[in-house]
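This is data.txt (compact mmCIF, C-alpha atoms).
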# COMPACT_ATOMS: atom_id res chain seq x y z
CA MET A 987 -22.02 37.16 9.78
CA LYS A 988 -22.44 37.20 6.01
CA ASN A 989 -18.81 37.50 5.03
CA PRO A 990 -18.00 34.28 3.09
CA PHE A 991 -14.32 34.59 3.94
CA VAL A 992 -15.07 34.53 7.66
CA GLN A 993 -17.59 31.73 7.20
CA GLY A 994 -15.03 29.75 5.19
CA LEU A 995 -12.41 30.18 7.89
CA LEU A 996 -14.91 29.12 10.52
CA LEU A 997 -15.72 25.97 8.53
CA ILE A 998 -12.02 25.12 8.21
CA ALA A 999 -11.49 25.82 11.90
CA THR A 1000 -14.38 23.52 12.80
CA PHE A 1001 -12.91 20.73 10.69
CA LEU A 1002 -9.45 21.18 12.21
CA PHE A 1003 -10.90 21.29 15.71
CA ALA A 1004 -12.82 18.07 15.07
CA TRP A 1005 -9.61 16.45 13.77
CA TRP A 1006 -7.70 17.59 16.86
CA ALA A 1007 -10.47 16.36 19.16
CA PHE A 1008 -10.58 12.93 17.53
CA SER A 1009 -6.78 12.66 17.69
CA GLN A 1010 -6.95 12.91 21.51
CA VAL A 1011 -8.39 9.38 21.54
CA ASN A 1012 -5.95 6.50 21.11
CA TRP A 1013 -7.85 4.84 18.24
CA ILE A 1014 -5.12 2.30 17.48
CA GLU A 1015 -5.43 0.83 20.96
CA TRP A 1016 -9.16 1.34 21.35
CA LEU A 1017 -10.14 -0.26 18.06
CA ASN A 1018 -7.23 -2.71 18.17
CA VAL A 1019 -6.44 -1.73 14.63
CA LYS A 1020 -3.79 -3.53 12.66
CA PRO A 1021 -1.98 -0.90 10.64
CA VAL A 1022 -3.18 -0.49 7.08
CA LYS A 1023 0.36 -1.12 5.94
CA GLU A 1024 0.60 -4.51 7.67
CA LYS A 1025 -2.70 -5.65 6.23
CA ALA A 1026 -1.66 -4.49 2.77
CA ASP A 1027 1.70 -6.32 3.06
CA GLU A 1028 -0.07 -9.49 4.15
CA LYS A 1029 -2.57 -9.33 1.31
CA LEU A 1030 0.08 -8.54 -1.29
CA GLY A 1031 2.44 -11.24 -0.01
CA LYS A 1032 -0.26 -13.91 -0.02
CA LEU A 1033 -1.43 -12.87 -3.45
CA ILE A 1034 2.04 -13.13 -4.98
CA PHE A 1035 2.81 -16.36 -3.08
CA SER A 1036 -0.34 -17.96 -4.50
CA THR A 1037 1.26 -17.80 -7.96
CA PHE A 1038 4.13 -20.02 -6.71
CA GLU A 1039 2.11 -22.44 -4.62
CA LYS A 1040 2.01 -25.17 -7.26
CA LYS A 1041 5.81 -25.18 -7.46
CA VAL A 1042 6.46 -25.25 -3.71
CA VAL A 1043 8.50 -28.30 -2.70
CA LYS A 1044 6.92 -30.50 -0.08
CA SER A 1045 9.95 -32.66 0.71
CA LYS A 1046 10.94 -32.79 4.40
CA SER A 1047 14.57 -33.49 3.54
CA ILE A 1048 14.66 -30.08 1.81
CA ASN A 1049 12.31 -28.05 3.98
CA LEU A 1050 13.54 -29.09 7.42
CA PRO A 1051 17.20 -28.10 6.82
CA LEU A 1052 16.04 -24.78 5.35
CA ASP A 1053 13.92 -24.23 8.42
CA THR A 1054 16.86 -25.11 10.68
CA LEU A 1055 19.08 -22.58 8.94
CA LYS A 1056 16.34 -19.95 9.13
CA ARG A 1057 15.86 -20.67 12.84
CA ARG A 1058 19.60 -20.31 13.52
CA ILE A 1059 19.80 -16.94 11.76
CA CYS A 1060 16.57 -15.56 13.24
CA GLU A 1061 17.18 -16.67 16.84
CA ALA A 1062 20.70 -15.26 16.86
CA ASN A 1063 19.46 -11.92 15.54
CA GLY A 1064 16.24 -11.51 17.49
CA ILE A 1065 14.03 -11.87 14.41
CA ASP A 1066 10.52 -13.21 14.96
CA LEU A 1067 10.52 -16.72 13.48
CA HIS A 1068 6.89 -16.44 12.37
CA SER A 1069 7.62 -13.30 10.39
CA ILE A 1070 9.89 -15.20 7.99
CA LYS A 1071 8.42 -18.00 5.88
CA VAL A 1072 10.92 -19.95 3.78
CA TYR A 1073 9.83 -22.13 0.89
CA ALA A 1074 11.79 -24.19 -1.61
CA VAL A 1075 10.57 -23.78 -5.17
CA ASN A 1076 10.87 -26.50 -7.77
CA SER A 1077 12.75 -24.52 -10.37
CA SER A 1078 16.17 -25.07 -11.91
CA GLU A 1079 16.66 -21.32 -12.20
CA VAL A 1080 19.52 -20.24 -9.94
CA ASN A 1081 17.50 -17.69 -8.03
CA ALA A 1082 16.15 -16.76 -4.61
CA PHE A 1083 13.81 -13.88 -3.88
CA ALA A 1084 11.74 -12.32 -1.17
CA LEU A 1085 8.07 -11.38 -1.31
CA PRO A 1086 6.10 -8.98 0.89
CA TYR A 1087 4.98 -10.30 4.27
CA GLY A 1088 8.18 -12.24 4.88
CA TYR A 1089 7.92 -14.94 2.24
CA ILE A 1090 11.33 -16.14 1.00
CA MET A 1091 11.46 -18.38 -2.02
CA ILE A 1092 14.61 -20.44 -2.61
CA ASN A 1093 14.83 -22.16 -5.98
CA LEU A 1094 16.27 -25.69 -6.07
CA GLY A 1095 18.62 -24.34 -8.73
CA ILE A 1096 20.46 -22.16 -6.24
CA ILE A 1097 20.51 -24.91 -3.61
CA ASN A 1098 22.27 -27.11 -6.17
CA GLU A 1099 24.89 -24.40 -6.70
CA CYS A 1100 25.69 -24.14 -2.97
CA GLU A 1101 28.69 -26.25 -2.05
CA ASN A 1102 28.02 -26.09 1.66
CA GLU A 1103 25.38 -25.03 4.18
CA GLU A 1104 27.13 -21.73 4.87
CA ALA A 1105 26.66 -20.61 1.27
CA LEU A 1106 22.97 -21.46 1.47
CA ALA A 1107 22.73 -19.71 4.83
CA GLY A 1108 24.26 -16.65 3.16
CA VAL A 1109 21.59 -16.63 0.46
CA LEU A 1110 18.92 -16.99 3.15
CA ALA A 1111 20.46 -14.24 5.29
CA HIS A 1112 20.59 -11.93 2.26
CA GLU A 1113 16.91 -12.42 1.53
CA ILE A 1114 15.98 -12.08 5.23
CA ALA A 1115 17.84 -8.76 5.17
CA HIS A 1116 15.69 -7.59 2.26
CA VAL A 1117 12.58 -8.54 4.28
CA GLN A 1118 13.78 -6.83 7.46
CA LYS A 1119 14.53 -3.60 5.60
CA ASN A 1120 11.27 -3.77 3.61
CA HIS A 1121 13.18 -3.54 0.33
CA ILE A 1122 10.59 -5.55 -1.58
CA LYS A 1123 7.86 -2.98 -1.13
CA LYS A 1124 10.28 -0.16 -1.98
CA LYS A 1125 11.25 -1.98 -5.19
CA LEU A 1126 7.63 -2.61 -6.18
CA VAL A 1127 6.62 0.99 -5.56
CA LYS A 1128 9.64 2.25 -7.49
CA GLU A 1129 9.10 -0.07 -10.48
CA LEU A 1130 5.32 -0.06 -10.68
CA GLY A 1131 4.11 2.87 -8.60
CA ALA A 1132 2.07 3.04 -5.41
CA ALA A 1133 -1.21 3.47 -7.29
CA ALA A 1134 -0.64 0.23 -9.25
CA ILE A 1135 0.05 -1.71 -6.04
CA SER A 1136 -3.09 -0.27 -4.44
CA ASN A 1137 -5.03 -1.18 -7.57
CA LEU A 1138 -3.83 -4.78 -7.23
CA LEU A 1139 -4.84 -4.84 -3.56
CA LEU A 1140 -8.31 -3.59 -4.45
CA ASN A 1141 -8.72 -5.82 -7.48
CA GLU A 1142 -7.05 -9.21 -6.95
CA ALA A 1143 -8.28 -10.38 -10.33
CA ALA A 1144 -5.97 -7.91 -12.11
CA GLY A 1145 -4.04 -10.80 -13.67
CA GLU A 1146 -1.80 -8.73 -15.91
CA LEU A 1147 -0.77 -6.47 -13.06
CA LEU A 1148 -0.09 -9.48 -10.82
CA GLY A 1149 2.09 -10.92 -13.58
CA GLU A 1150 4.10 -7.70 -13.68
CA VAL A 1151 4.50 -7.75 -9.90
CA VAL A 1152 5.75 -11.35 -9.99
CA HIS A 1153 8.20 -10.41 -12.75
CA VAL A 1154 9.53 -7.49 -10.69
CA VAL A 1155 10.08 -9.54 -7.52
CA THR A 1156 11.75 -12.44 -9.33
CA SER A 1157 13.72 -10.73 -12.06
CA ARG A 1158 14.49 -7.12 -11.38
CA ALA A 1159 17.45 -6.13 -9.30
CA TYR A 1160 17.16 -3.89 -6.29
CA ASP A 1161 19.11 -0.69 -6.65
CA ARG A 1162 22.74 -0.78 -5.65
CA GLY A 1163 22.14 0.95 -2.33
CA LEU A 1164 19.55 -1.61 -1.23
CA GLU A 1165 21.74 -4.53 -2.36
CA THR A 1166 24.72 -3.20 -0.42
CA GLU A 1167 22.53 -2.70 2.63
CA ALA A 1168 21.22 -6.28 2.33
CA ASP A 1169 24.74 -7.66 1.95
CA GLN A 1170 26.01 -5.77 5.01
CA LEU A 1171 23.05 -6.85 7.10
CA ALA A 1172 23.38 -10.46 5.88
CA ALA A 1173 27.05 -10.45 6.94
CA GLU A 1174 25.99 -9.20 10.38
CA PHE A 1175 23.28 -11.85 10.63
CA LEU A 1176 25.74 -14.60 9.71
CA CYS A 1177 28.34 -13.31 12.14
CA LYS A 1178 25.91 -13.20 15.07
CA ALA A 1179 24.66 -16.67 14.15
CA GLY A 1180 28.21 -17.99 14.19
CA LEU A 1181 28.16 -18.86 10.50
CA ASP A 1182 31.11 -18.47 8.18
CA THR A 1183 30.49 -15.70 5.65
CA LYS A 1184 33.26 -16.60 3.16
CA PRO A 1185 31.33 -19.44 1.44
CA PHE A 1186 28.56 -16.92 0.64
CA ALA A 1187 31.10 -14.58 -0.96
CA GLU A 1188 32.56 -17.48 -2.90
CA LEU A 1189 29.12 -18.46 -4.13
CA ILE A 1190 28.55 -14.93 -5.43
CA LYS A 1191 31.89 -14.97 -7.25
CA LYS A 1192 31.12 -18.39 -8.68
CA LEU A 1193 27.71 -17.30 -9.93
CA GLU A 1194 29.23 -14.13 -11.44
CA LYS A 1195 31.25 -16.27 -13.85
CA ASP A 1196 28.07 -17.91 -15.11
CA ALA A 1197 25.91 -14.77 -15.01
CA ASP A 1198 25.48 -14.74 -18.80
CA LEU A 1199 23.51 -17.97 -18.74
CA ALA A 1200 19.79 -17.26 -18.51
CA VAL A 1201 19.29 -19.82 -15.77
CA PHE A 1202 21.68 -17.99 -13.43
CA LYS A 1203 19.19 -15.29 -12.68
CA TRP A 1204 20.31 -14.51 -9.11
CA ALA A 1205 23.67 -13.43 -10.43
CA SER A 1206 22.41 -11.55 -13.46
CA THR A 1207 19.94 -9.56 -11.34
CA HIS A 1208 22.62 -8.71 -8.76
CA PRO A 1209 25.26 -6.73 -10.64
CA ASP A 1210 28.86 -6.11 -9.60
CA ASN A 1211 29.15 -9.47 -7.85
CA GLU A 1212 32.96 -9.37 -7.64
CA GLU A 1213 32.72 -6.13 -5.74
CA ARG A 1214 29.93 -7.49 -3.56
CA ALA A 1215 31.94 -10.60 -2.73
CA ALA A 1216 34.94 -8.47 -1.77
CA GLN A 1217 32.77 -6.27 0.44
CA ILE A 1218 31.17 -9.28 2.14
CA ILE A 1219 34.61 -10.74 2.93
CA HIS A 1220 35.75 -7.35 4.20
CA ASP A 1221 32.68 -7.13 6.47
CA ALA A 1222 33.27 -10.72 7.64
CA GLU A 1223 36.79 -9.86 8.80
CA ALA A 1224 35.29 -7.63 11.47
CA CYS A 1225 33.49 -10.63 12.92
CA SER A 1226 35.24 -12.17 15.87
CA ASN A 1227 32.67 -14.87 16.62
CA SER A 1228 33.70 -18.45 16.20
CA THR A 1229 31.82 -20.44 13.62
CA ARG A 1230 30.15 -23.82 13.80
CA LYS A 1231 28.05 -25.97 11.54
CA THR A 1232 24.27 -26.05 11.78
CA LEU A 1233 23.42 -29.19 9.88
CA ALA A 1234 24.85 -32.66 10.22
CA GLU A 1235 26.87 -33.75 7.18
CA ALA A 1236 24.30 -36.43 6.38
CA THR A 1237 21.46 -33.90 6.51
CA TRP A 1238 23.29 -31.61 4.09
CA GLU A 1239 24.05 -34.47 1.71
CA LYS A 1240 20.42 -35.56 1.80
CA LEU A 1241 19.28 -31.98 1.11
CA LYS A 1242 21.54 -31.76 -1.94
CA ALA A 1243 20.52 -35.17 -3.21
CA SER A 1244 16.81 -34.45 -2.75
CA SER A 1245 17.04 -31.08 -4.51
CA GLU A 1246 18.78 -32.69 -7.47
CA VAL A 1247 16.16 -35.41 -7.69
CA TYR A 1248 13.31 -32.93 -7.35
CA GLY A 1249 14.97 -30.57 -9.80
CA SER A 1250 15.12 -33.27 -12.44
CA LYS A 1251 11.32 -33.40 -12.29
CA ASP A 1252 10.92 -29.68 -13.07
CA LEU A 1253 7.19 -28.83 -13.07
CA MET B 736 -25.81 25.54 9.28
CA ILE B 737 -28.81 25.22 6.94
CA ARG B 738 -31.53 27.82 6.66
CA ILE B 739 -34.77 27.96 4.71
CA ARG B 740 -35.11 31.44 3.32
CA PRO B 741 -37.60 33.15 1.08
CA PHE B 742 -36.69 33.22 -2.58
CA GLY B 743 -37.44 36.00 -5.07
CA TYR B 744 -40.32 34.08 -6.63
CA ARG B 745 -42.31 30.89 -6.39
CA PRO B 746 -40.55 28.26 -8.57
CA ALA B 747 -42.52 26.17 -11.02
CA GLU B 748 -42.86 22.39 -10.68
CA SER B 749 -40.17 21.64 -13.28
CA GLU B 750 -37.78 24.06 -11.58
CA LYS B 751 -38.29 22.36 -8.21
CA GLU B 752 -37.47 19.01 -9.80
CA GLN B 753 -34.37 20.28 -11.62
CA ALA B 754 -33.02 22.06 -8.55
CA SER B 755 -33.57 18.97 -6.40
CA ASN B 756 -31.81 16.78 -8.95
CA SER B 757 -28.67 18.91 -8.72
CA TYR B 758 -28.18 17.63 -5.16
CA LEU B 759 -28.91 14.07 -6.18
CA MET B 760 -26.16 14.29 -8.81
CA SER B 761 -23.59 14.40 -6.05
CA LEU B 762 -24.92 11.08 -4.77
CA VAL B 763 -24.69 9.40 -8.18
CA ALA B 764 -21.21 8.00 -7.65
CA VAL B 765 -22.08 6.78 -4.14
CA ILE B 766 -25.21 5.05 -5.44
CA ALA B 767 -23.17 3.47 -8.23
CA GLY B 768 -20.85 2.04 -5.59
CA LEU B 769 -17.85 4.11 -6.63
CA PRO B 770 -17.13 6.66 -3.91
CA LEU B 771 -14.22 8.21 -5.74
CA PRO B 772 -13.85 11.86 -4.80
CA ILE B 773 -13.68 13.22 -8.33
CA LEU B 774 -16.76 11.42 -9.70
CA ASN B 775 -19.25 13.29 -7.50
CA LEU B 776 -17.73 16.60 -8.49
CA LEU B 777 -17.77 15.73 -12.20
CA ALA B 778 -21.41 14.59 -12.09
CA THR B 779 -22.47 17.78 -10.32
CA PHE B 780 -20.41 19.94 -12.67
CA ILE B 781 -21.89 18.32 -15.78
CA PHE B 782 -25.38 18.85 -14.37
CA TYR B 783 -24.53 22.50 -13.68
CA LEU B 784 -23.28 22.95 -17.26
CA GLY B 785 -26.52 21.50 -18.55
CA ASN B 786 -28.57 23.94 -16.48
CA ARG B 787 -26.53 27.11 -16.58
CA LYS B 788 -29.09 28.74 -18.88
CA GLY B 789 -31.98 27.61 -16.69
CA THR B 790 -34.08 29.73 -14.34
CA HIS B 791 -32.49 31.51 -11.38
CA PHE B 792 -33.85 29.01 -8.85
CA VAL B 793 -32.31 26.06 -10.76
CA ARG B 794 -29.00 27.83 -11.43
CA TRP B 795 -28.67 28.89 -7.81
CA HIS B 796 -29.09 25.39 -6.43
CA CYS B 797 -26.87 23.83 -9.10
CA MET B 798 -24.16 26.28 -8.04
CA GLN B 799 -24.60 25.58 -4.32
CA ALA B 800 -24.45 21.82 -4.96
CA LEU B 801 -21.32 22.27 -7.07
CA LEU B 802 -19.50 24.48 -4.57
CA SER B 803 -20.14 22.04 -1.72
CA GLN B 804 -18.39 19.30 -3.74
CA PHE B 805 -15.05 21.14 -3.82
CA SER B 806 -14.43 20.85 -0.11
CA LEU B 807 -15.48 17.19 -0.23
CA LEU B 808 -13.00 16.63 -3.05
CA ALA B 809 -10.20 18.20 -1.02
CA ILE B 810 -10.99 16.21 2.13
CA ASN B 811 -11.57 12.84 0.42
CA SER B 812 -8.58 13.17 -1.91
CA THR B 813 -6.35 13.85 1.10
CA THR B 814 -7.69 10.69 2.76
CA PHE B 815 -7.09 8.67 -0.40
CA TRP B 816 -3.53 9.83 -1.04
CA TRP B 817 -2.54 9.66 2.62
CA THR B 818 -3.69 6.02 2.63
CA ILE B 819 -1.68 5.31 -0.54
CA ALA B 820 1.38 6.93 1.05
CA ILE B 821 1.05 4.66 4.09
CA ILE B 822 0.70 1.56 1.94
CA ALA B 823 3.76 2.65 -0.07
CA ASP B 824 5.79 3.22 3.13
CA LYS B 825 6.11 6.93 2.45
CA ALA B 826 4.10 7.86 5.55
CA GLU B 827 3.59 6.37 9.00
CA PHE B 828 0.35 4.80 10.12
CA SER B 829 -0.49 7.01 13.09
CA ASN B 830 -3.31 8.06 15.36
CA TYR B 831 -3.43 11.39 13.47
CA TYR B 832 -4.18 9.48 10.29
CA LEU B 833 -7.00 7.51 11.94
CA ALA B 834 -8.37 10.70 13.50
CA TYR B 835 -8.34 12.36 10.06
CA VAL B 836 -10.17 9.41 8.48
CA ILE B 837 -12.82 9.54 11.22
CA THR B 838 -13.19 13.31 10.80
CA ALA B 839 -13.50 12.89 7.03
CA ILE B 840 -16.15 10.19 7.49
CA CYS B 841 -18.11 12.47 9.85
CA TYR B 842 -17.87 15.34 7.35
CA ASN B 843 -19.13 13.07 4.56
CA ILE B 844 -22.05 11.88 6.71
CA VAL B 845 -23.02 15.46 7.61
CA GLU B 846 -22.78 16.45 3.96
CA LEU B 847 -24.87 13.45 2.92
CA ILE B 848 -27.63 14.28 5.41
CA ALA B 849 -27.57 17.93 4.37
CA THR B 850 -27.73 16.97 0.68
CA ILE B 851 -30.69 14.64 1.13
CA TYR B 852 -32.52 17.16 3.33
CA THR B 853 -31.90 19.96 0.84
CA ALA B 854 -32.98 17.78 -2.09
CA ILE B 855 -36.29 17.07 -0.31
CA GLN B 856 -36.92 20.69 0.69
CA THR B 857 -35.99 22.00 -2.74
CA ARG B 858 -38.39 19.52 -4.32
CA LYS B 859 -41.11 21.16 -2.24
CA GLY B 860 -40.09 24.53 -3.66
CA LEU B 861 -38.39 25.76 -0.50
CA HIS B 862 -35.14 27.71 -0.86
CA VAL B 863 -32.43 26.20 1.35
CA GLU B 864 -29.19 28.07 1.97
CA TRP B 865 -26.15 26.36 3.46
CA PHE B 866 -23.64 27.99 5.75
CA PHE B 867 -20.77 29.42 3.68
CA TYR B 868 -21.81 27.70 0.40
CA GLY B 869 -25.10 29.60 0.34
CA THR B 870 -23.32 32.89 1.00
CA LEU B 871 -20.79 32.15 -1.72
CA THR B 872 -23.53 31.19 -4.16
CA ASN B 873 -25.34 34.48 -3.47
CA ILE B 874 -22.19 36.31 -4.54
CA ILE B 875 -21.54 34.17 -7.63
CA SER B 876 -25.17 33.90 -8.72
CA PRO B 877 -26.80 37.16 -7.63
CA ARG B 878 -30.53 37.63 -8.19

As structure tokens, what does this structure read like?
Amino acid sequence: MKNPFVQGLLLIATFLFAWWAFSQVNWIEWLNVKPVKEKADEKLGKLIFSTFEKKVVKSKSINLPLDTLKRRICEANGIDLHSIKVYAVNSSEVNAFALPYGYIMINLGIINECENEEALAGVLAHEIAHVQKNHIKKKLVKELGAAAISNLLLNEAAGELLGEVVHVVTSRAYDRGLETEADQLAAEFLCKAGLDTKPFAELIKKLEKDADLAVFKWASTHPDNEERAAQIIHDAEACSNSTRKTLAEATWEKLKASSEVYGSKDL
Amino acid sequence: MIRIRPFGYRPAESEKEQASNSYLMSLVAVIAGLPLPILNLLATFIFYLGNRKGTHFVRWHCMQALLSQFSLLAINSTTFWWTIAIIADKAEFSNYYLAYVITAICYNIVELIATIYTAIQTRKGLHVEWFFYGTLTNIISPR
């Protein structure tokens, strides 16, 4: 058999046969392999989180209520509590954002803008929705490209690239489709958790008025807030669950007071 | 898969060395710790360009080494971009993916063993022809 065409086909056939043969083994179970994607998300999330670690608030009067709200939303919606990690960030910027691997960062600035726990729960639910739908990764890949993200995963010391990634997750808006999806899902989360959605809509409208100010980043990076607020209220009307408070009044007051005190000592 | 065959003439010492080096070129990137698919091919191609006016024995083995790199490039590039697609959520992490990675690793190991063996035999002046690549080289670089 000296025909190179036949030999070439035989070589390809051998490769394909080997591939087929190997695929008959359940490697995922046998090797107990954690998907590449999960490992990459974890590494990326921890890498980005490390840039915020110095600004993470360690006050129990802030963290415990946030954790209680998170618990209420997650338990009502069957979301694994350990998959969502909420941190308060000592920053006066009115902003909240999600990172890969379930990290949610809530700036003290936005906590100060919330008039009640339901508004804060709405912000949390919105960011949890982004995590559940994996919007963060989609945004990063769209803005920076898959190869750049892989480069960062392979070379953690790529400081400039990490800076760009942090800028994208904190400053750039998701596209309209993803924002609408997050809003709808957040409304569902709040409804199932028995939390009033209207304060969240009111917060969005309130922030829209101040969107021009640089510090009100959450509003400026989420366009069409009037429309969003209207849609959230519309979605809330379909909710027939009764609502109840999560936090005691005193706990909420202490949270607000602590965030104002902490915020005045901006790092 | 690999056969030692008689060549048209007995190559000189310098020819044996040059021909053997053409196979070692494909290991350059691996030795340097950068197993990127394209680097091996580029190194082998540059070596081929540098020896294309050499003797028949040298040209023949440079060509066989070069041709064998193309299939490696195809297989390893597929592995690389499939992995990127999974990380970027554009593809699912599946058993087929793992099976492909394992098959690609096996192919690379076989190719590595064949390359080292051929480099050693060629250094001794023996003419080694690979399955398919040898046949193709005979057509491209006839005696």

- Message: From the options B:Ile773, B:Ala849, B:Ile844, B:Ala778, which residue's atoms come nearest to B:Phe815, counting all atoms listed in the file?
- Response: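 With all atoms listed in the file as the atom set, the closest residue is B:Ile773.
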
Identify all chain B residues at most 7 Å from chain A by counting all atoms listed in the file; ligands do not count. Present them as a PyMOL selection string. chain B and resi 819+821-823+828+830-831+833-835+838+867+870-871

Pairwise distance, atom CA of A:Ala999 with atom CA of B:Thr818, equals 23.2 Å

Mind checking which residues fall within 6 Å of stretch 1229-1244 of chain A, counting all atoms listed in the file, ignoring those fewer than 2 positions away in the same chain, and posting them as JSON, numbers by chain? {"A": [1047, 1048, 1180, 1181, 1182, 1246, 1247, 1248]}

**Asked** Restricting the calculation to only C-alpha atoms, which member of B:Val793, B:Ile781, B:Leu776, B:Leu801 is positioned closest to B:His862?
**Response**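 Nearest to B:His862: B:Val793.
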
| request: Identify, on the basis of only C-alpha atoms, every residue whose closest approach to B:Tyr852 does not exceed 10 Å; exclude the query and any residue fewer than 3 positions from it along the same chain; express the result as a list in words. | output: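 So, after excluding close chain neighbours, the residues are Ile737, Ser755, Tyr758, Glu846, Leu847, Ile848, Ala849, Ile855, Gln856, Thr857, Arg858 and Val863 of chain B.
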
Among A:Leu1030, A:Val1154, A:Leu1094, A:Val1109, A:Asn1137 is approached most closely, using only C-alpha atoms, by A:Leu1030

Atom CA of B:Tyr842 to atom CA of B:Ser812 measures 13.3 Å

Just so I have it separately, write stretch 812-818 of chain B from the block I sent, keeping all heavy atoms, as a PDB file, in the first residue's frame.
ATOM      1  N   SER B 812      -3.768  22.389  17.786  1.00  0.00           N
ATOM      2  CA  SER B 812      -4.528  23.641  17.687  1.00  0.00           C
ATOM      3  C   SER B 812      -5.996  23.399  18.029  1.00  0.00           C
ATOM      4  O   SER B 812      -6.633  24.220  18.692  1.00  0.00           O
ATOM      5  CB  SER B 812      -4.435  24.230  16.285  1.00  0.00           C
ATOM      6  OG  SER B 812      -3.116  24.573  15.996  1.00  0.00           O
ATOM      7  N   THR B 813      -6.527  22.272  17.574  1.00  0.00           N
ATOM      8  CA  THR B 813      -7.915  21.923  17.902  1.00  0.00           C
ATOM      9  C   THR B 813      -8.080  21.802  19.412  1.00  0.00           C
ATOM     10  O   THR B 813      -9.052  22.308  19.981  1.00  0.00           O
ATOM     11  CB  THR B 813      -8.324  20.604  17.218  1.00  0.00           C
ATOM     12  OG1 THR B 813      -8.088  20.710  15.826  1.00  0.00           O
ATOM     13  CG2 THR B 813      -9.789  20.271  17.473  1.00  0.00           C
ATOM     14  N   THR B 814      -7.110  21.138  20.056  1.00  0.00           N
ATOM     15  CA  THR B 814      -7.169  20.986  21.518  1.00  0.00           C
ATOM     16  C   THR B 814      -7.176  22.356  22.189  1.00  0.00           C
ATOM     17  O   THR B 814      -7.971  22.628  23.089  1.00  0.00           O
ATOM     18  CB  THR B 814      -5.946  20.189  22.029  1.00  0.00           C
ATOM     19  OG1 THR B 814      -5.790  19.010  21.248  1.00  0.00           O
ATOM     20  CG2 THR B 814      -6.099  19.835  23.492  1.00  0.00           C
ATOM     21  N   PHE B 815      -6.257  23.216  21.728  1.00  0.00           N
ATOM     22  CA  PHE B 815      -6.107  24.540  22.322  1.00  0.00           C
ATOM     23  C   PHE B 815      -7.396  25.355  22.194  1.00  0.00           C
ATOM     24  O   PHE B 815      -7.929  25.881  23.178  1.00  0.00           O
ATOM     25  CB  PHE B 815      -4.939  25.262  21.642  1.00  0.00           C
ATOM     26  CG  PHE B 815      -4.685  26.646  22.179  1.00  0.00           C
ATOM     27  CD1 PHE B 815      -4.081  26.828  23.416  1.00  0.00           C
ATOM     28  CD2 PHE B 815      -5.060  27.769  21.456  1.00  0.00           C
ATOM     29  CE1 PHE B 815      -3.845  28.103  23.915  1.00  0.00           C
ATOM     30  CE2 PHE B 815      -4.825  29.049  21.956  1.00  0.00           C
ATOM     31  CZ  PHE B 815      -4.218  29.211  23.188  1.00  0.00           C
ATOM     32  N   TRP B 816      -7.929  25.440  20.984  1.00  0.00           N
ATOM     33  CA  TRP B 816      -9.104  26.296  20.768  1.00  0.00           C
ATOM     34  C   TRP B 816     -10.379  25.700  21.356  1.00  0.00           C
ATOM     35  O   TRP B 816     -11.274  26.434  21.795  1.00  0.00           O
ATOM     36  CB  TRP B 816      -9.282  26.623  19.270  1.00  0.00           C
ATOM     37  CG  TRP B 816      -8.233  27.577  18.810  1.00  0.00           C
ATOM     38  CD1 TRP B 816      -7.187  27.321  17.956  1.00  0.00           C
ATOM     39  CD2 TRP B 816      -8.064  28.936  19.225  1.00  0.00           C
ATOM     40  NE1 TRP B 816      -6.392  28.433  17.828  1.00  0.00           N
ATOM     41  CE2 TRP B 816      -6.899  29.446  18.585  1.00  0.00           C
ATOM     42  CE3 TRP B 816      -8.774  29.789  20.079  1.00  0.00           C
ATOM     43  CZ2 TRP B 816      -6.450  30.739  18.759  1.00  0.00           C
ATOM     44  CZ3 TRP B 816      -8.313  31.096  20.259  1.00  0.00           C
ATOM     45  CH2 TRP B 816      -7.180  31.549  19.610  1.00  0.00           C
ATOM     46  N   TRP B 817     -10.453  24.385  21.433  1.00  0.00           N
ATOM     47  CA  TRP B 817     -11.595  23.753  22.090  1.00  0.00           C
ATOM     48  C   TRP B 817     -11.581  24.096  23.582  1.00  0.00           C
ATOM     49  O   TRP B 817     -12.609  24.415  24.184  1.00  0.00           O
ATOM     50  CB  TRP B 817     -11.527  22.228  21.891  1.00  0.00           C
ATOM     51  CG  TRP B 817     -12.820  21.511  22.159  1.00  0.00           C
ATOM     52  CD1 TRP B 817     -13.930  21.974  22.804  1.00  0.00           C
ATOM     53  CD2 TRP B 817     -13.131  20.162  21.778  1.00  0.00           C
ATOM     54  NE1 TRP B 817     -14.906  21.013  22.849  1.00  0.00           N
ATOM     55  CE2 TRP B 817     -14.446  19.890  22.241  1.00  0.00           C
ATOM     56  CE3 TRP B 817     -12.437  19.175  21.102  1.00  0.00           C
ATOM     57  CZ2 TRP B 817     -15.070  18.661  22.035  1.00  0.00           C
ATOM     58  CZ3 TRP B 817     -13.065  17.961  20.910  1.00  0.00           C
ATOM     59  CH2 TRP B 817     -14.360  17.705  21.374  1.00  0.00           C
ATOM     60  N   THR B 818     -10.379  24.080  24.171  1.00  0.00           N
ATOM     61  CA  THR B 818     -10.245  24.425  25.592  1.00  0.00           C
ATOM     62  C   THR B 818     -10.647  25.880  25.831  1.00  0.00           C
ATOM     63  O   THR B 818     -11.358  26.197  26.789  1.00  0.00           O
ATOM     64  CB  THR B 818      -8.802  24.208  26.074  1.00  0.00           C
ATOM     65  OG1 THR B 818      -8.399  22.890  25.770  1.00  0.00           O
ATOM     66  CG2 THR B 818      -8.679  24.445  27.579  1.00  0.00           C
TER      67      THR B 818
END
